[in-house]
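A.B. asks: Just dropping this structure here.
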Number of protein chains: 2
Amino acid sequence: MPRASVQERNDATYWREFDRNTLSHSMAHYLMAIDRLRADLGYARTTDVAEMLEVSRGAASMALAQLKKRGWVGEDPNRFLLLTEAGKRITRLVEQNFETLARFFEQVLGAERDVAFADACKMEHLMSMDTGRRLLALMRYLLNDDALSAKVREHMASFKE
Amino acid sequence: MPRASVQERNDATYWREFDRNTLSHSMAHYLMAIDRLRADLGYARTTDVAEMLEVSRGAASMALAQLKKRGWVGEDPNRFLLLTEAGKRITRLVEQNFETLARFFEQVLGAERDVAFADACKMEHLMSMDTGRRLLALMRYLLNDDALSAKVREHMASFKE
DNA sequence: AACAGGTGTTAAGGCTCCTAAACAAGAGGT
DNA sequence: ACCTCTTGTTTAGGAGCCTTAACACCTGTT
C-alpha cells in the first residue's frame with residue numbers, strides 16, 4: 001500500500017481548519033436537539049433544549065442567541081424555537097453524517113454499538129459533505145451485495161481476538 | 001438497510017464526550033510537531049514547534065508546559081524537547097489514525113487529496129483506537145484484493161458527476 | 001390584588017487556547 | 001565589557017462554552 005503520511009502536509013496552518021469549522025461540536029448538537037424535540041414533542045423551548053443536552057438554561061439561552069444571530073434558528077409566533085431553512089439544511093447534513101458514520105463503524109467495521117456511536121458523535125460535524133456522500137455510496141455498495149457483504153463481515157469478524 | 005439514527009442516543013450526555021477526549025485537537029498537533037521535527041531536524045525546540053504550527057512562541061510555551069505536566073513531553077540534557085514513552089505511544093496512535101483516515105478517504109472513497117487530508121486532520125484524534133484498527137483492517141482487505149479493489153474504485157468513480 | 005412557579009436572560013467566574021507585548025537569560029560580534 | 005539577536009517564559013486580554021446565581025416576566029391560583 002502506498003503511503004500518505006502526516007509528513008506530507010506541508011501547509012502549516014492545515015490543522016487549524018478545526019477551529020474554523022463552520023459549525024462547532026456544541027452548536028451542531030443544539031441544532032439537532034431542536035430538530036429532535038420538534039419531532040418528538042411538536043415544539044422546542046430553551047428549557048427543553050437545555051434539559052435534553054443537560055446544560056444549564058443560561059448556556060442554552062446564549063448558544064441559541066448565537067444560532068439565531070447566524071440565521072439558523074428562529075421563533076414561531078408563539079416564541080417556540082424552530083430551524084430556518086438554512087438551519088434545517090445544516091442540521092440534516094450533520095445528522096446524515098452521524099448516521100452514516102455510526103452505521104459504517106457498527107455494520108461494516110463491526111465495532112461495538114457504543115463505541116461506534118461515541119466515535120460517530122465526535123466526528124459527525126467534522127466530515128465534509130463530499131466525504132460523507134462518498135462513504136454512504138461505499139456502504140450501499142458493500143451492504144447491498146450479499147456475497148460481498150458477507151465476505152467483508154467475515155473478514156472483520158477476526159477482530160474478536 | 002436498517003436504521004441507526006441519532007434518535008437512538010438516549011444518554012443525553014453522550015455528546016459531551018467530545019470535551020472529555022483524552023487529547024485535544026491542538027495538543028495532538030503539538031505532539032506530532034515534536035515527532036516530525038525530531039525526524040526532520042534531529043531536534044525540536046519551543047520556537048521550532050511554534051513556527052511549524054504557526055502559533056506564537058508564548059502559545060507553544062504554555063501548551064508544551066501542559067504536555068510536560070501530563071508526562072508526554074520531556075527535555076533532553078541540552079533542553080531539547082522529546083516525547084516520553086507515553087507521549088510516543090499516544091502520538092503514534094494519532095498519526096496512525098490520520099494516515100488510515102486520509103488513505104481511506106483518498107484511495108477508497110476517491111476524495112480529492114486536499115479534502116481527504118483536511119477531513120482526516122480534523123477527525124484523527126477523535127477516532128478510537130479500536131475503530132482505527134478496524135478501519136485499517138478493512139482497507140487492507142479492500143486494497144489487497146485487486147479484483148475487489150478495482151470494483152470498489154469503479155463504483156466510487158461514479159462520484160465524478 | 002398578591003403570590004408562587006416556570007421560563008428566559010444576564011452577570012460573574014472558570015477553563016482552554018490563542019495573540020501581543022514585556023522581560024530574563026544565554027551566545028556571538030566588535 | 002558591551003551590544004544585540006535568539007530563545008523561552010510570563011502577563012494581560014479576547015473568544016468559545018460551561019456553571020451558578022440573580023433577575024425580569026408571564027401565568028394561574030387563591
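Chains: A, B, ... in order of the C-alpha cells. Residues: from 1 per chain. Ligands: from 1, in order shown.
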Near Thr46 of chain A, within 7 Å and counting only C-alpha atoms (C1' of nucleotides), which residues show up once chain neighbours fewer than 6 positions away are dropped, as number ranges by chain?
C.D. replies: A: 57, 60-61
A.B. asks: As a PDB file with N, CA, C and O atoms (P, O5', C5', C4', C3', O3' and C1' of nucleotides), in the first residue's frame, please: the residues near segment 15-30 of chain C (cut-off 12 Å, only C-alpha atoms (C1' of nucleotides), same-chain neighbours under 4 positions excluded).
C.D. replies:
ATOM      1  N   ARG A  16      -5.405  24.025  11.665  1.00  0.00           N
ATOM      2  CA  ARG A  16      -6.279  24.995  12.290  1.00  0.00           C
ATOM      3  C   ARG A  16      -7.671  25.017  11.668  1.00  0.00           C
ATOM      4  O   ARG A  16      -8.562  25.711  12.157  1.00  0.00           O
ATOM      5  N   ASP A  19     -10.555  24.692  14.055  1.00  0.00           N
ATOM      6  CA  ASP A  19     -11.163  25.847  14.715  1.00  0.00           C
ATOM      7  C   ASP A  19     -12.166  26.538  13.818  1.00  0.00           C
ATOM      8  O   ASP A  19     -13.208  26.992  14.259  1.00  0.00           O
TER       9      ASP A  19
ATOM     10  N   ASP B  19     -15.692  16.877  24.633  1.00  0.00           N
ATOM     11  CA  ASP B  19     -14.885  17.698  25.535  1.00  0.00           C
ATOM     12  C   ASP B  19     -13.908  16.858  26.328  1.00  0.00           C
ATOM     13  O   ASP B  19     -12.783  17.251  26.566  1.00  0.00           O
ATOM     14  N   SER B  24      -6.825  16.935  23.213  1.00  0.00           N
ATOM     15  CA  SER B  24      -7.485  17.954  22.405  1.00  0.00           C
ATOM     16  C   SER B  24      -6.826  17.985  21.022  1.00  0.00           C
ATOM     17  O   SER B  24      -5.724  17.463  20.825  1.00  0.00           O
ATOM     18  N   HIS B  25      -7.522  18.616  20.119  1.00  0.00           N
ATOM     19  CA  HIS B  25      -7.004  18.727  18.758  1.00  0.00           C
ATOM     20  C   HIS B  25      -5.638  19.415  18.749  1.00  0.00           C
ATOM     21  O   HIS B  25      -4.694  18.913  18.140  1.00  0.00           O
ATOM     22  N   SER B  26      -5.539  20.534  19.462  1.00  0.00           N
ATOM     23  CA  SER B  26      -4.269  21.258  19.396  1.00  0.00           C
ATOM     24  C   SER B  26      -3.156  20.462  20.082  1.00  0.00           C
ATOM     25  O   SER B  26      -2.036  20.410  19.572  1.00  0.00           O
ATOM     26  N   MET B  27      -3.440  19.833  21.196  1.00  0.00           N
ATOM     27  CA  MET B  27      -2.413  19.047  21.870  1.00  0.00           C
ATOM     28  C   MET B  27      -1.890  17.935  20.957  1.00  0.00           C
ATOM     29  O   MET B  27      -0.689  17.662  20.917  1.00  0.00           O
ATOM     30  N   GLU B  54       2.661  27.477  13.331  1.00  0.00           N
ATOM     31  CA  GLU B  54       2.263  28.876  13.118  1.00  0.00           C
ATOM     32  C   GLU B  54       1.417  29.426  14.257  1.00  0.00           C
ATOM     33  O   GLU B  54       0.324  29.954  14.046  1.00  0.00           O
ATOM     34  N   VAL B  55       1.943  29.234  15.450  1.00  0.00           N
ATOM     35  CA  VAL B  55       1.346  29.899  16.617  1.00  0.00           C
ATOM     36  C   VAL B  55       2.465  30.729  17.246  1.00  0.00           C
ATOM     37  O   VAL B  55       3.625  30.583  16.876  1.00  0.00           O
ATOM     38  N   SER B  56       2.118  31.580  18.189  1.00  0.00           N
ATOM     39  CA  SER B  56       3.133  32.412  18.843  1.00  0.00           C
ATOM     40  C   SER B  56       4.005  31.533  19.748  1.00  0.00           C
ATOM     41  O   SER B  56       3.591  30.451  20.177  1.00  0.00           O
ATOM     42  N   ARG B  57       5.203  32.017  20.057  1.00  0.00           N
ATOM     43  CA  ARG B  57       6.063  31.253  20.963  1.00  0.00           C
ATOM     44  C   ARG B  57       5.410  31.113  22.326  1.00  0.00           C
ATOM     45  O   ARG B  57       5.548  30.095  22.989  1.00  0.00           O
ATOM     46  N   GLY B  58       4.688  32.141  22.724  1.00  0.00           N
ATOM     47  CA  GLY B  58       4.008  32.090  24.014  1.00  0.00           C
ATOM     48  C   GLY B  58       3.019  30.946  24.080  1.00  0.00           C
ATOM     49  O   GLY B  58       2.978  30.193  25.064  1.00  0.00           O
ATOM     50  N   ALA B  59       2.227  30.819  23.028  1.00  0.00           N
ATOM     51  CA  ALA B  59       1.233  29.745  22.994  1.00  0.00           C
ATOM     52  C   ALA B  59       1.917  28.386  23.061  1.00  0.00           C
ATOM     53  O   ALA B  59       1.516  27.500  23.825  1.00  0.00           O
ATOM     54  N   ALA B  60       2.989  28.231  22.276  1.00  0.00           N
ATOM     55  CA  ALA B  60       3.709  26.966  22.255  1.00  0.00           C
ATOM     56  C   ALA B  60       4.299  26.679  23.629  1.00  0.00           C
ATOM     57  O   ALA B  60       4.211  25.558  24.144  1.00  0.00           O
ATOM     58  N   SER B  61       4.857  27.708  24.233  1.00  0.00           N
ATOM     59  CA  SER B  61       5.473  27.547  25.547  1.00  0.00           C
ATOM     60  C   SER B  61       4.466  27.001  26.554  1.00  0.00           C
ATOM     61  O   SER B  61       4.743  26.052  27.288  1.00  0.00           O
ATOM     62  N   MET B  62       3.281  27.588  26.563  1.00  0.00           N
ATOM     63  CA  MET B  62       2.276  27.152  27.537  1.00  0.00           C
ATOM     64  C   MET B  62       1.712  25.778  27.210  1.00  0.00           C
ATOM     65  O   MET B  62       1.501  24.953  28.101  1.00  0.00           O
ATOM     66  N   ALA B  63       1.498  25.518  25.940  1.00  0.00           N
ATOM     67  CA  ALA B  63       0.972  24.209  25.557  1.00  0.00           C
ATOM     68  C   ALA B  63       1.973  23.123  25.937  1.00  0.00           C
ATOM     69  O   ALA B  63       1.604  22.066  26.462  1.00  0.00           O
ATOM     70  N   GLN B  66       1.989  22.267  29.540  1.00  0.00           N
ATOM     71  CA  GLN B  66       0.878  21.345  29.793  1.00  0.00           C
ATOM     72  C   GLN B  66       1.277  19.908  29.495  1.00  0.00           C
ATOM     73  O   GLN B  66       1.082  18.995  30.286  1.00  0.00           O
TER      74      GLN B  66
ATOM     75  P    DA D   1      35.009  42.135  31.951  1.00  0.00           P
ATOM     76  O5'  DA D   1      34.119  43.237  31.337  1.00  0.00           O
ATOM     77  C5'  DA D   1      34.575  44.575  31.567  1.00  0.00           C
ATOM     78  C4'  DA D   1      33.964  45.440  30.532  1.00  0.00           C
ATOM     79  C3'  DA D   1      32.444  45.538  30.663  1.00  0.00           C
ATOM     80  O3'  DA D   1      32.076  46.884  30.359  1.00  0.00           O
ATOM     81  C1'  DA D   1      32.993  44.633  28.547  1.00  0.00           C
ATOM     82  P    DC D   2      30.596  47.320  30.480  1.00  0.00           P
ATOM     83  O5'  DC D   2      30.103  47.237  28.970  1.00  0.00           O
ATOM     84  C5'  DC D   2      30.759  47.992  27.956  1.00  0.00           C
ATOM     85  C4'  DC D   2      30.011  47.849  26.643  1.00  0.00           C
ATOM     86  C3'  DC D   2      28.483  47.879  26.809  1.00  0.00           C
ATOM     87  O3'  DC D   2      27.916  48.600  25.718  1.00  0.00           O
ATOM     88  C1'  DC D   2      29.104  45.871  25.736  1.00  0.00           C
ATOM     89  P    DC D   3      26.367  49.060  25.742  1.00  0.00           P
ATOM     90  O5'  DC D   3      26.007  49.016  24.182  1.00  0.00           O
ATOM     91  C5'  DC D   3      27.008  48.594  23.246  1.00  0.00           C
ATOM     92  C4'  DC D   3      26.414  47.611  22.242  1.00  0.00           C
ATOM     93  C3'  DC D   3      24.884  47.625  22.160  1.00  0.00           C
ATOM     94  O3'  DC D   3      24.523  47.642  20.785  1.00  0.00           O
ATOM     95  C1'  DC D   3      25.651  45.417  22.495  1.00  0.00           C
ATOM     96  P    DT D   4      22.975  47.822  20.324  1.00  0.00           P
ATOM     97  O5'  DT D   4      22.645  46.409  19.663  1.00  0.00           O
ATOM     98  C5'  DT D   4      23.641  45.724  18.896  1.00  0.00           C
ATOM     99  C4'  DT D   4      23.153  44.315  18.572  1.00  0.00           C
ATOM    100  C3'  DT D   4      21.625  44.187  18.465  1.00  0.00           C
ATOM    101  O3'  DT D   4      21.335  43.356  17.352  1.00  0.00           O
ATOM    102  C1'  DT D   4      22.426  42.620  20.002  1.00  0.00           C
ATOM    103  P    DC D   5      19.835  43.294  16.786  1.00  0.00           P
ATOM    104  O5'  DC D   5      19.790  41.781  16.332  1.00  0.00           O
ATOM    105  C5'  DC D   5      21.013  41.008  16.194  1.00  0.00           C
ATOM    106  C4'  DC D   5      20.718  39.538  16.473  1.00  0.00           C
ATOM    107  C3'  DC D   5      19.240  39.161  16.301  1.00  0.00           C
ATOM    108  O3'  DC D   5      19.153  37.944  15.588  1.00  0.00           O
ATOM    109  C1'  DC D   5      19.975  38.577  18.471  1.00  0.00           C
ATOM    110  P    DT D   6      17.682  37.284  15.335  1.00  0.00           P
ATOM    111  O5'  DT D   6      17.673  36.089  16.376  1.00  0.00           O
ATOM    112  C5'  DT D   6      18.803  35.207  16.435  1.00  0.00           C
ATOM    113  C4'  DT D   6      18.588  34.201  17.554  1.00  0.00           C
ATOM    114  C3'  DT D   6      17.210  33.535  17.550  1.00  0.00           C
ATOM    115  O3'  DT D   6      17.416  32.136  17.685  1.00  0.00           O
ATOM    116  C1'  DT D   6      17.644  34.475  19.679  1.00  0.00           C
ATOM    117  P    DT D   7      16.195  31.087  17.635  1.00  0.00           P
ATOM    118  O5'  DT D   7      15.814  30.912  19.161  1.00  0.00           O
ATOM    119  C5'  DT D   7      16.797  30.375  20.049  1.00  0.00           C
ATOM    120  C4'  DT D   7      16.290  30.375  21.470  1.00  0.00           C
ATOM    121  C3'  DT D   7      14.891  29.775  21.642  1.00  0.00           C
ATOM    122  O3'  DT D   7      14.997  28.663  22.514  1.00  0.00           O
ATOM    123  C1'  DT D   7      15.119  31.818  22.847  1.00  0.00           C
ATOM    124  P    DG D   8      13.744  27.643  22.650  1.00  0.00           P
ATOM    125  O5'  DG D   8      13.032  28.198  23.946  1.00  0.00           O
ATOM    126  C5'  DG D   8      13.726  28.095  25.189  1.00  0.00           C
ATOM    127  C4'  DG D   8      12.984  28.871  26.252  1.00  0.00           C
ATOM    128  C3'  DG D   8      11.516  28.472  26.427  1.00  0.00           C
ATOM    129  O3'  DG D   8      11.356  28.012  27.761  1.00  0.00           O
ATOM    130  C1'  DG D   8      11.790  30.845  26.337  1.00  0.00           C
ATOM    131  P    DT D   9       9.913  27.546  28.299  1.00  0.00           P
ATOM    132  O5'  DT D   9       9.427  28.844  29.090  1.00  0.00           O
ATOM    133  C5'  DT D   9      10.341  29.443  30.008  1.00  0.00           C
ATOM    134  C4'  DT D   9       9.731  30.663  30.674  1.00  0.00           C
ATOM    135  C3'  DT D   9       8.287  30.490  31.127  1.00  0.00           C
ATOM    136  O3'  DT D   9       8.205  30.953  32.481  1.00  0.00           O
ATOM    137  C1'  DT D   9       8.503  32.457  29.838  1.00  0.00           C
ATOM    138  P    DT D  10       6.822  30.728  33.301  1.00  0.00           P
ATOM    139  O5'  DT D  10       6.244  32.213  33.308  1.00  0.00           O
ATOM    140  C5'  DT D  10       7.104  33.281  33.731  1.00  0.00           C
ATOM    141  C4'  DT D  10       6.386  34.609  33.565  1.00  0.00           C
ATOM    142  C3'  DT D  10       4.930  34.590  34.028  1.00  0.00           C
ATOM    143  O3'  DT D  10       4.710  35.726  34.861  1.00  0.00           O
ATOM    144  C1'  DT D  10       5.070  35.408  31.809  1.00  0.00           C
ATOM    145  P    DT D  11       3.297  35.899  35.596  1.00  0.00           P
ATOM    146  O5'  DT D  11       2.595  37.088  34.798  1.00  0.00           O
ATOM    147  C5'  DT D  11       3.357  38.242  34.436  1.00  0.00           C
ATOM    148  C4'  DT D  11       2.491  39.180  33.606  1.00  0.00           C
ATOM    149  C3'  DT D  11       1.019  39.196  33.991  1.00  0.00           C
ATOM    150  O3'  DT D  11       0.552  40.536  33.975  1.00  0.00           O
ATOM    151  C1'  DT D  11       1.242  38.679  31.702  1.00  0.00           C
ATOM    152  P    DA D  12      -0.829  40.932  34.642  1.00  0.00           P
ATOM    153  O5'  DA D  12      -1.642  41.490  33.392  1.00  0.00           O
ATOM    154  C5'  DA D  12      -0.990  42.366  32.445  1.00  0.00           C
ATOM    155  C4'  DA D  12      -1.891  42.539  31.244  1.00  0.00           C
ATOM    156  C3'  DA D  12      -3.385  42.506  31.570  1.00  0.00           C
ATOM    157  O3'  DA D  12      -4.047  43.433  30.718  1.00  0.00           O
ATOM    158  C1'  DA D  12      -2.906  40.807  30.036  1.00  0.00           C
ATOM    159  P    DG D  13      -5.587  43.787  30.905  1.00  0.00           P
ATOM    160  O5'  DG D  13      -6.229  43.272  29.538  1.00  0.00           O
ATOM    161  C5'  DG D  13      -5.517  43.447  28.311  1.00  0.00           C
ATOM    162  C4'  DG D  13      -6.209  42.664  27.213  1.00  0.00           C
ATOM    163  C3'  DG D  13      -7.697  42.438  27.477  1.00  0.00           C
ATOM    164  O3'  DG D  13      -8.400  42.530  26.248  1.00  0.00           O
ATOM    165  C1'  DG D  13      -6.675  40.380  27.133  1.00  0.00           C
ATOM    166  P    DG D  14      -9.979  42.538  26.200  1.00  0.00           P
ATOM    167  O5'  DG D  14     -10.337  41.453  25.085  1.00  0.00           O
ATOM    168  C5'  DG D  14      -9.683  41.514  23.805  1.00  0.00           C
ATOM    169  C4'  DG D  14      -9.994  40.226  23.049  1.00  0.00           C
ATOM    170  C3'  DG D  14     -11.456  39.798  23.164  1.00  0.00           C
ATOM    171  O3'  DG D  14     -11.924  39.358  21.897  1.00  0.00           O
ATOM    172  C1'  DG D  14     -10.049  38.046  23.896  1.00  0.00           C
ATOM    173  P    DA D  15     -13.501  39.275  21.643  1.00  0.00           P
ATOM    174  O5'  DA D  15     -13.698  37.744  21.276  1.00  0.00           O
ATOM    175  C5'  DA D  15     -12.916  37.177  20.228  1.00  0.00           C
ATOM    176  C4'  DA D  15     -13.120  35.671  20.233  1.00  0.00           C
ATOM    177  C3'  DA D  15     -14.583  35.292  20.473  1.00  0.00           C
ATOM    178  O3'  DA D  15     -14.950  34.254  19.577  1.00  0.00           O
ATOM    179  C1'  DA D  15     -13.210  34.278  22.096  1.00  0.00           C
ATOM    180  P    DG D  16     -16.496  33.753  19.688  1.00  0.00           P
ATOM    181  O5'  DG D  16     -16.371  32.322  20.397  1.00  0.00           O
ATOM    182  C5'  DG D  16     -15.644  31.293  19.746  1.00  0.00           C
ATOM    183  C4'  DG D  16     -15.694  30.046  20.614  1.00  0.00           C
ATOM    184  C3'  DG D  16     -17.118  29.624  20.995  1.00  0.00           C
ATOM    185  O3'  DG D  16     -17.187  28.205  20.912  1.00  0.00           O
ATOM    186  C1'  DG D  16     -15.841  29.943  22.947  1.00  0.00           C
ATOM    187  P    DC D  17     -18.663  27.512  20.698  1.00  0.00           P
ATOM    188  O5'  DC D  17     -18.967  26.757  22.042  1.00  0.00           O
ATOM    189  C5'  DC D  17     -18.003  26.793  23.030  1.00  0.00           C
ATOM    190  C4'  DC D  17     -18.441  26.122  24.290  1.00  0.00           C
ATOM    191  C3'  DC D  17     -19.927  26.220  24.658  1.00  0.00           C
ATOM    192  O3'  DC D  17     -20.312  25.119  25.477  1.00  0.00           O
ATOM    193  C1'  DC D  17     -18.666  27.426  26.210  1.00  0.00           C
ATOM    194  P    DC D  18     -21.823  24.760  25.834  1.00  0.00           P
ATOM    195  O5'  DC D  18     -21.795  24.689  27.435  1.00  0.00           O
ATOM    196  C5'  DC D  18     -21.067  23.661  28.063  1.00  0.00           C
ATOM    197  C4'  DC D  18     -20.557  24.082  29.430  1.00  0.00           C
ATOM    198  C3'  DC D  18     -21.630  24.500  30.435  1.00  0.00           C
ATOM    199  O3'  DC D  18     -22.154  23.387  31.145  1.00  0.00           O
ATOM    200  C1'  DC D  18     -19.721  25.931  30.532  1.00  0.00           C
ATOM    201  P    DT D  19     -23.421  23.629  32.066  1.00  0.00           P
ATOM    202  O5'  DT D  19     -22.848  24.366  33.380  1.00  0.00           O
ATOM    203  C5'  DT D  19     -21.771  23.799  34.117  1.00  0.00           C
ATOM    204  C4'  DT D  19     -21.555  24.576  35.403  1.00  0.00           C
ATOM    205  C3'  DT D  19     -22.849  24.827  36.156  1.00  0.00           C
ATOM    206  O3'  DT D  19     -22.794  24.370  37.499  1.00  0.00           O
ATOM    207  C1'  DT D  19     -21.719  26.894  35.703  1.00  0.00           C
TER     208       DT D  19
END
A.B. asks: Write out as a ChimeraX atom specification which residues come within 10 Å of Asp35 of chain A when counting only C-alpha atoms (C1' of nucleotides), dropping same-chain ones fewer than 3 positions away.
C.D. replies: /A:29-32,38-40,42-44,49,81-83,87-88,91-92,95
A.B. asks: Running DSSP on the backbone, which parts of segment 2-158 of chain B land in alpha helix (DSSP H), as an MDAnalysis selection string?
C.D. replies: chainID B and resid 25:40 46:53 57:69 85:103 113:123 129:144 146:157
A.B. asks: Name the residues of chain A that fall into strand (DSSP E or B) according to DSSP on the backbone, using the chain letters and numbers of this document, as a list in words.
C.D. replies: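 Answer for chain A, restricted to strand (DSSP E or B): Val73, Gly74, Glu75, Leu81, Leu82 and Leu83 of chain A.
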A.B. asks: Against chain A, which residues of chain C fall within 9 Å? For each one I want the closest pair of atoms and the distance in Å (one decimal), counting only C-alpha atoms (C1' of nucleotides), rows by chain and increasing residue number, as JSON lines.
C.D. replies:
{"residue": "C:DT7", "atom": "C1'", "partner": "A:Thr47", "partner_atom": "CA", "distance": 7.2}
{"residue": "C:DG8", "atom": "C1'", "partner": "A:Ser61", "partner_atom": "CA", "distance": 7.1}
{"residue": "C:DT9", "atom": "C1'", "partner": "A:Ser61", "partner_atom": "CA", "distance": 7.2}
{"residue": "C:DT10", "atom": "C1'", "partner": "A:Gly58", "partner_atom": "CA", "distance": 8.5}
A.B. asks: Please identify all residues of chain B having at least one atom at most 6 Å from any atom of chain A, considering only C-alpha atoms, and return them as a VMD selection string.
C.D. replies: chain B and resid 5 12 18 52 to 53 99 109 119 122 to 123 127 134
A.B. asks: What is the distance, in Å and to one decimal place, between atom C1' of DG6 of chain C and atom C1' of DG28 of chain D?
C.D. replies: 11.0 Å
